[in-house]
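Asks: Structure in structure tokens, see below.
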Amino acid sequence: MLPCVPLTDLPIVSRSERDVSRPHIDIWWWPYPAGMNWSAIGASLPPHEQERAANFAFEKDAAGYVAGRLLQRSVLSLYTGKHPAELKFRSGHFGKPYLTGLGEQGIAFNLSNAAGLVVLAVSRGAEMVGIDAEPISSTIESGTASIFCSDEELSRLSALDGHERHVQLLSHWTLKESFLKGLGTGLSVAPDQLTIGLDPTTQTICISSSRTGKTAGWHHRLMTAPFGHLIAVSVKTGHSNPVFRQREFMFGNGSQ
């Protein structure tokens, strides 16, 4: 099985942290409650984000979108010193957002939303960051594995069954999602061209590509979050030992 730790076992993000010797990757998470007045909450978002929220067909999807944009703007305001509404975003060729404007250079971030949980990975020292969250109860159809798993992975999975196979499949999917989101390439890189493994020296998770071999400079982590989610984070940095931290977002008190 791939190494996986509880998210809450990571050190807590501290705004007073002054250690700049290693890049820090901060994972902010919010298990937003059901039944909130999302229309009122969404009124704090810029008009174009309010409009998009209003266009969702289902209330749960609109709630997830608003929660994600609220988390993203609230947290990134802490790293930029700007008011949440002043933050400007643009999208890359495959839709990955990035900050624009003076003062935002060097901040990498990525957002994920999954069934009542939104998570945001932020780093000043990393080149690229990707994060994905999935409910552990997610169902992966048996035929789906051949679509996103490499031949080597399928061979290893053939020896597993039941819960163990399910967890391994979900781990592979979540890790590949986080890596591809970090790259910002979308599915222009096919998931079955990637192979999840363990580095024989460090026993940490690695991802290799059938095109390029081992993806140098990347660090991958798997974590379980409270309320039954699996989280994967992929980070590209020149440092061999980045620091992963976490902090729960408190609505109405996100800057504390």
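By order of appearance in the structure tokens: chains A, B, ..., then residues from 1 within every chain, and ligands from 1 in the order shown.
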Step one, run DSSP on the backbone; step two, keep only residues of region 22-250 of chain A assigned to alpha helix (DSSP H); then write them as a PyMOL selection string.
Replies: chain A and resi 38-42+47-54+59-80+145-148+151-157+162-183
Asks: Save the residues we just selected, C-alpha atoms, as a JSON list (two decimals), in the first residue's frame?
Replies:
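The result, stored in selection_5.json:
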```
[["chain", "number", "residue", "atom", "x", "y", "z"],
["A", 38, "TRP", "CA", -25.17, 30.34, 0.17],
["A", 39, "SER", "CA", -26.95, 33.12, -1.69],
["A", 40, "ALA", "CA", -26.04, 35.58, 1.05],
["A", 41, "ILE", "CA", -22.50, 34.21, 1.33],
["A", 42, "GLY", "CA", -22.04, 34.33, -2.42],
["A", 47, "PRO", "CA", -20.17, 39.63, -9.98],
["A", 48, "HIS", "CA", -18.77, 37.14, -12.51],
["A", 49, "GLU", "CA", -18.39, 34.47, -9.80],
["A", 50, "GLN", "CA", -21.88, 35.22, -8.47],
["A", 51, "GLU", "CA", -23.23, 34.77, -12.00],
["A", 52, "ARG", "CA", -21.50, 31.44, -12.41],
["A", 53, "ALA", "CA", -22.83, 30.21, -9.06],
["A", 54, "ALA", "CA", -26.35, 31.15, -10.13],
["A", 59, "GLU", "CA", -28.01, 23.73, -5.17],
["A", 60, "LYS", "CA", -25.29, 21.39, -3.88],
["A", 61, "ASP", "CA", -23.10, 22.22, -6.86],
["A", 62, "ALA", "CA", -23.63, 25.95, -6.38],
["A", 63, "ALA", "CA", -22.81, 25.58, -2.68],
["A", 64, "GLY", "CA", -19.57, 23.76, -3.50],
["A", 65, "TYR", "CA", -18.56, 26.42, -6.01],
["A", 66, "VAL", "CA", -19.25, 29.28, -3.59],
["A", 67, "ALA", "CA", -17.45, 27.49, -0.74],
["A", 68, "GLY", "CA", -14.41, 26.90, -2.95],
["A", 69, "ARG", "CA", -14.20, 30.49, -4.19],
["A", 70, "LEU", "CA", -14.71, 31.81, -0.67],
["A", 71, "LEU", "CA", -11.90, 29.60, 0.68],
["A", 72, "GLN", "CA", -9.59, 30.50, -2.21],
["A", 73, "ARG", "CA", -10.09, 34.25, -1.94],
["A", 74, "SER", "CA", -10.01, 34.32, 1.87],
["A", 75, "VAL", "CA", -6.81, 32.30, 2.17],
["A", 76, "LEU", "CA", -4.94, 33.91, -0.71],
["A", 77, "SER", "CA", -5.67, 37.32, 0.76],
["A", 78, "LEU", "CA", -3.54, 36.25, 3.75],
["A", 79, "TYR", "CA", -0.59, 35.46, 1.47],
["A", 80, "THR", "CA", -0.90, 38.55, -0.72],
["A", 145, "ALA", "CA", -9.22, 1.03, -14.00],
["A", 146, "SER", "CA", -8.03, 0.18, -17.50],
["A", 147, "ILE", "CA", -8.71, 3.76, -18.59],
["A", 148, "PHE", "CA", -6.48, 5.51, -16.05],
["A", 151, "ASP", "CA", -0.15, -1.83, -17.53],
["A", 152, "GLU", "CA", 2.26, -2.07, -14.59],
["A", 153, "GLU", "CA", -0.39, -0.75, -12.18],
["A", 154, "LEU", "CA", -3.03, -3.12, -13.57],
["A", 155, "SER", "CA", -0.65, -6.04, -13.00],
["A", 156, "ARG", "CA", -0.18, -5.05, -9.34],
["A", 157, "LEU", "CA", -3.91, -4.45, -8.86],
["A", 162, "GLY", "CA", -12.14, -5.96, -1.99],
["A", 163, "HIS", "CA", -11.42, -2.92, 0.14],
["A", 164, "GLU", "CA", -7.66, -3.10, -0.44],
["A", 165, "ARG", "CA", -8.12, -2.89, -4.21],
["A", 166, "HIS", "CA", -10.63, -0.07, -3.86],
["A", 167, "VAL", "CA", -8.28, 2.03, -1.71],
["A", 168, "GLN", "CA", -5.35, 1.41, -4.07],
["A", 169, "LEU", "CA", -7.45, 2.39, -7.11],
["A", 170, "LEU", "CA", -8.74, 5.53, -5.43],
["A", 171, "SER", "CA", -5.21, 6.47, -4.32],
["A", 172, "HIS", "CA", -3.94, 6.13, -7.88],
["A", 173, "TRP", "CA", -6.78, 8.21, -9.28],
["A", 174, "THR", "CA", -6.41, 10.96, -6.68],
["A", 175, "LEU", "CA", -2.63, 11.15, -7.07],
["A", 176, "LYS", "CA", -2.82, 11.36, -10.84],
["A", 177, "GLU", "CA", -5.48, 14.06, -10.63],
["A", 178, "SER", "CA", -3.32, 16.13, -8.28],
["A", 179, "PHE", "CA", -0.26, 15.69, -10.51],
["A", 180, "LEU", "CA", -2.08, 16.62, -13.72],
["A", 181, "LYS", "CA", -3.67, 19.62, -11.98],
["A", 182, "GLY", "CA", -0.22, 20.65, -10.80],
["A", 183, "LEU", "CA", 1.14, 20.40, -14.33]]
```
Asks: Would you write out, as a Markdown table, a table of all residues in region 25-87 of chain A that have an atom no more than 12 Å from an atom of region 125-140 of chain A, listing for each the closest atom pair and the distance in Å to one decimal, considering only C-alpha atoms and ordering rows by chain and rising residue number?
Replies:
```
| residue | atom | partner | partner_atom | distance |
| --- | --- | --- | --- | --- |
| A:Ile25 | CA | A:Ala126 | CA | 7.7 |
| A:Asp26 | CA | A:Val129 | CA | 10.4 |
| A:Ile27 | CA | A:Ile131 | CA | 8.9 |
| A:Trp28 | CA | A:Ile131 | CA | 10.9 |
| A:Trp29 | CA | A:Ala133 | CA | 10.3 |
| A:Trp30 | CA | A:Ala133 | CA | 11.8 |
| A:Pro31 | CA | A:Ala133 | CA | 11.7 |
```
Asks: Filtering to C-alpha atoms, could you give me those residues as a CSV table (one decimal), in the first residue's frame?
Replies:
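Saved as again_35.csv:
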```csv
chain,number,residue,atom,x,y,z
A,25,ILE,CA,3.1,23.7,1.2
A,26,ASP,CA,0.1,24.7,3.2
A,27,ILE,CA,-3.1,22.7,2.9
A,28,TRP,CA,-6.2,24.7,4.0
A,29,TRP,CA,-9.4,22.6,4.4
A,30,TRP,CA,-13.0,23.5,5.0
A,31,PRO,CA,-15.7,20.8,5.7
```
Asks: Extract, using only C-alpha atoms, all DNA, RNA and protein residues at most 9 Å from region 89-100 of chain A, discarding same-chain residues fewer than 5 positions from it, and format them as a PyMOL selection string.
Replies: chain A and resi 105+107-110+181-188
Asks: Find the distance between CA of Ser21 (chain A) and CA of Arg124 (chain A) and write it in Å to one decimal.
Replies: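 Interatomic distance, CA of Ser21 (chain A) to CA of Arg124 (chain A): 12.0 Å.
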Asks: What is the CA of Thr144 (chain A) to CA of His220 (chain A) distance in Å?
Replies: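 Separation between CA of Thr144 (chain A) and CA of His220 (chain A): 22.9 Å.
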Asks: Using DSSP assignments from the backbone, pull out every residue in region 97-149 of chain A that falls under strand (DSSP E or B) and give it to me as a list of chain:residue names.
Replies: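 Selecting the strand (DSSP E or B) positions of region 97-149 of chain A gives A:Pro97, A:Tyr98, A:Leu99, A:Thr100, A:Ala108, A:Phe109, A:Asn110, A:Leu111, A:Ser112, A:Asn113, A:Ala114, A:Leu117, A:Val118, A:Val119, A:Leu120, A:Ala121, A:Val122, A:Ser123, A:Met128, A:Val129, A:Gly130, A:Ile131, A:Asp132, A:Ala133, A:Glu134, A:Pro135.
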Asks: Emit the selected residues as a PDB file, in the first residue's frame, including N, CA and C atoms.
Replies:
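Output file again-v2.pdb follows:
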```pdb
ATOM      1  N   PRO A  97      -6.096  28.166 -12.973  1.00  0.00           N
ATOM      2  CA  PRO A  97      -6.041  29.592 -12.620  1.00  0.00           C
ATOM      3  C   PRO A  97      -4.715  29.985 -11.972  1.00  0.00           C
ATOM      4  N   TYR A  98      -4.358  31.229 -12.137  1.00  0.00           N
ATOM      5  CA  TYR A  98      -3.208  31.797 -11.449  1.00  0.00           C
ATOM      6  C   TYR A  98      -3.496  33.253 -11.133  1.00  0.00           C
ATOM      7  N   LEU A  99      -2.777  33.788 -10.155  1.00  0.00           N
ATOM      8  CA  LEU A  99      -2.963  35.168  -9.739  1.00  0.00           C
ATOM      9  C   LEU A  99      -2.229  36.112 -10.679  1.00  0.00           C
ATOM     10  N   THR A 100      -2.807  37.270 -10.889  1.00  0.00           N
ATOM     11  CA  THR A 100      -2.142  38.295 -11.668  1.00  0.00           C
ATOM     12  C   THR A 100      -2.057  39.573 -10.832  1.00  0.00           C
ATOM     13  N   ALA A 108       2.122  29.740  -5.688  1.00  0.00           N
ATOM     14  CA  ALA A 108       1.466  28.662  -6.419  1.00  0.00           C
ATOM     15  C   ALA A 108       0.301  28.159  -5.572  1.00  0.00           C
ATOM     16  N   PHE A 109      -0.812  27.823  -6.225  1.00  0.00           N
ATOM     17  CA  PHE A 109      -1.981  27.360  -5.472  1.00  0.00           C
ATOM     18  C   PHE A 109      -2.835  26.476  -6.360  1.00  0.00           C
ATOM     19  N   ASN A 110      -3.696  25.688  -5.723  1.00  0.00           N
ATOM     20  CA  ASN A 110      -4.646  24.855  -6.450  1.00  0.00           C
ATOM     21  C   ASN A 110      -5.783  24.482  -5.513  1.00  0.00           C
ATOM     22  N   LEU A 111      -6.978  24.356  -6.074  1.00  0.00           N
ATOM     23  CA  LEU A 111      -8.208  24.142  -5.305  1.00  0.00           C
ATOM     24  C   LEU A 111      -8.862  22.840  -5.727  1.00  0.00           C
ATOM     25  N   SER A 112      -9.497  22.160  -4.764  1.00  0.00           N
ATOM     26  CA  SER A 112     -10.288  20.974  -5.077  1.00  0.00           C
ATOM     27  C   SER A 112     -11.548  20.968  -4.217  1.00  0.00           C
ATOM     28  N   ASN A 113     -12.608  20.415  -4.776  1.00  0.00           N
ATOM     29  CA  ASN A 113     -13.913  20.385  -4.105  1.00  0.00           C
ATOM     30  C   ASN A 113     -14.473  18.978  -4.236  1.00  0.00           C
ATOM     31  N   ALA A 114     -14.872  18.380  -3.120  1.00  0.00           N
ATOM     32  CA  ALA A 114     -15.396  17.013  -3.169  1.00  0.00           C
ATOM     33  C   ALA A 114     -16.394  16.763  -2.056  1.00  0.00           C
ATOM     34  N   LEU A 117     -16.406  19.019   1.105  1.00  0.00           N
ATOM     35  CA  LEU A 117     -15.076  19.432   1.543  1.00  0.00           C
ATOM     36  C   LEU A 117     -14.404  20.215   0.427  1.00  0.00           C
ATOM     37  N   VAL A 118     -13.866  21.399   0.771  1.00  0.00           N
ATOM     38  CA  VAL A 118     -13.015  22.123  -0.177  1.00  0.00           C
ATOM     39  C   VAL A 118     -11.631  22.226   0.434  1.00  0.00           C
ATOM     40  N   VAL A 119     -10.615  22.043  -0.407  1.00  0.00           N
ATOM     41  CA  VAL A 119      -9.228  22.089   0.047  1.00  0.00           C
ATOM     42  C   VAL A 119      -8.425  22.969  -0.905  1.00  0.00           C
ATOM     43  N   LEU A 120      -7.491  23.709  -0.340  1.00  0.00           N
ATOM     44  CA  LEU A 120      -6.646  24.607  -1.122  1.00  0.00           C
ATOM     45  C   LEU A 120      -5.201  24.394  -0.708  1.00  0.00           C
ATOM     46  N   ALA A 121      -4.335  24.127  -1.682  1.00  0.00           N
ATOM     47  CA  ALA A 121      -2.895  24.028  -1.432  1.00  0.00           C
ATOM     48  C   ALA A 121      -2.242  25.319  -1.887  1.00  0.00           C
ATOM     49  N   VAL A 122      -1.398  25.910  -1.031  1.00  0.00           N
ATOM     50  CA  VAL A 122      -0.751  27.189  -1.320  1.00  0.00           C
ATOM     51  C   VAL A 122       0.730  27.066  -0.964  1.00  0.00           C
ATOM     52  N   SER A 123       1.592  27.637  -1.816  1.00  0.00           N
ATOM     53  CA  SER A 123       3.018  27.640  -1.514  1.00  0.00           C
ATOM     54  C   SER A 123       3.690  28.850  -2.136  1.00  0.00           C
ATOM     55  N   MET A 128       5.128  24.542  -8.894  1.00  0.00           N
ATOM     56  CA  MET A 128       3.789  24.099  -9.284  1.00  0.00           C
ATOM     57  C   MET A 128       3.164  23.333  -8.125  1.00  0.00           C
ATOM     58  N   VAL A 129       1.848  23.457  -7.992  1.00  0.00           N
ATOM     59  CA  VAL A 129       1.114  22.763  -6.937  1.00  0.00           C
ATOM     60  C   VAL A 129      -0.191  22.221  -7.514  1.00  0.00           C
ATOM     61  N   GLY A 130      -0.517  20.992  -7.154  1.00  0.00           N
ATOM     62  CA  GLY A 130      -1.803  20.414  -7.520  1.00  0.00           C
ATOM     63  C   GLY A 130      -2.381  19.672  -6.335  1.00  0.00           C
ATOM     64  N   ILE A 131      -3.709  19.718  -6.188  1.00  0.00           N
ATOM     65  CA  ILE A 131      -4.361  19.011  -5.083  1.00  0.00           C
ATOM     66  C   ILE A 131      -5.670  18.415  -5.575  1.00  0.00           C
ATOM     67  N   ASP A 132      -5.988  17.248  -5.052  1.00  0.00           N
ATOM     68  CA  ASP A 132      -7.261  16.612  -5.380  1.00  0.00           C
ATOM     69  C   ASP A 132      -7.801  15.937  -4.132  1.00  0.00           C
ATOM     70  N   ALA A 133      -9.115  15.992  -3.962  1.00  0.00           N
ATOM     71  CA  ALA A 133      -9.784  15.338  -2.841  1.00  0.00           C
ATOM     72  C   ALA A 133     -10.930  14.491  -3.382  1.00  0.00           C
ATOM     73  N   GLU A 134     -11.085  13.316  -2.829  1.00  0.00           N
ATOM     74  CA  GLU A 134     -12.154  12.408  -3.233  1.00  0.00           C
ATOM     75  C   GLU A 134     -12.736  11.739  -1.994  1.00  0.00           C
ATOM     76  N   PRO A 135     -14.065  11.557  -1.934  1.00  0.00           N
ATOM     77  CA  PRO A 135     -14.642  10.773  -0.834  1.00  0.00           C
ATOM     78  C   PRO A 135     -14.120   9.346  -0.878  1.00  0.00           C
TER      79      PRO A 135
END
```
Asks: Tell me, in Å to one decimal, how far CA of Ala225 (chain A) is from CA of Leu10 (chain A).
Replies: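 Atom-to-atom, CA of Ala225 (chain A) and CA of Leu10 (chain A) are spaced 11.0 Å apart.
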Asks: Find the residue from A:Val235, A:Leu160, A:Ala57, A:Leu230 that sits nearest to His24 (chain A); use only C-alpha atoms when measuring.
Replies: A:Val235
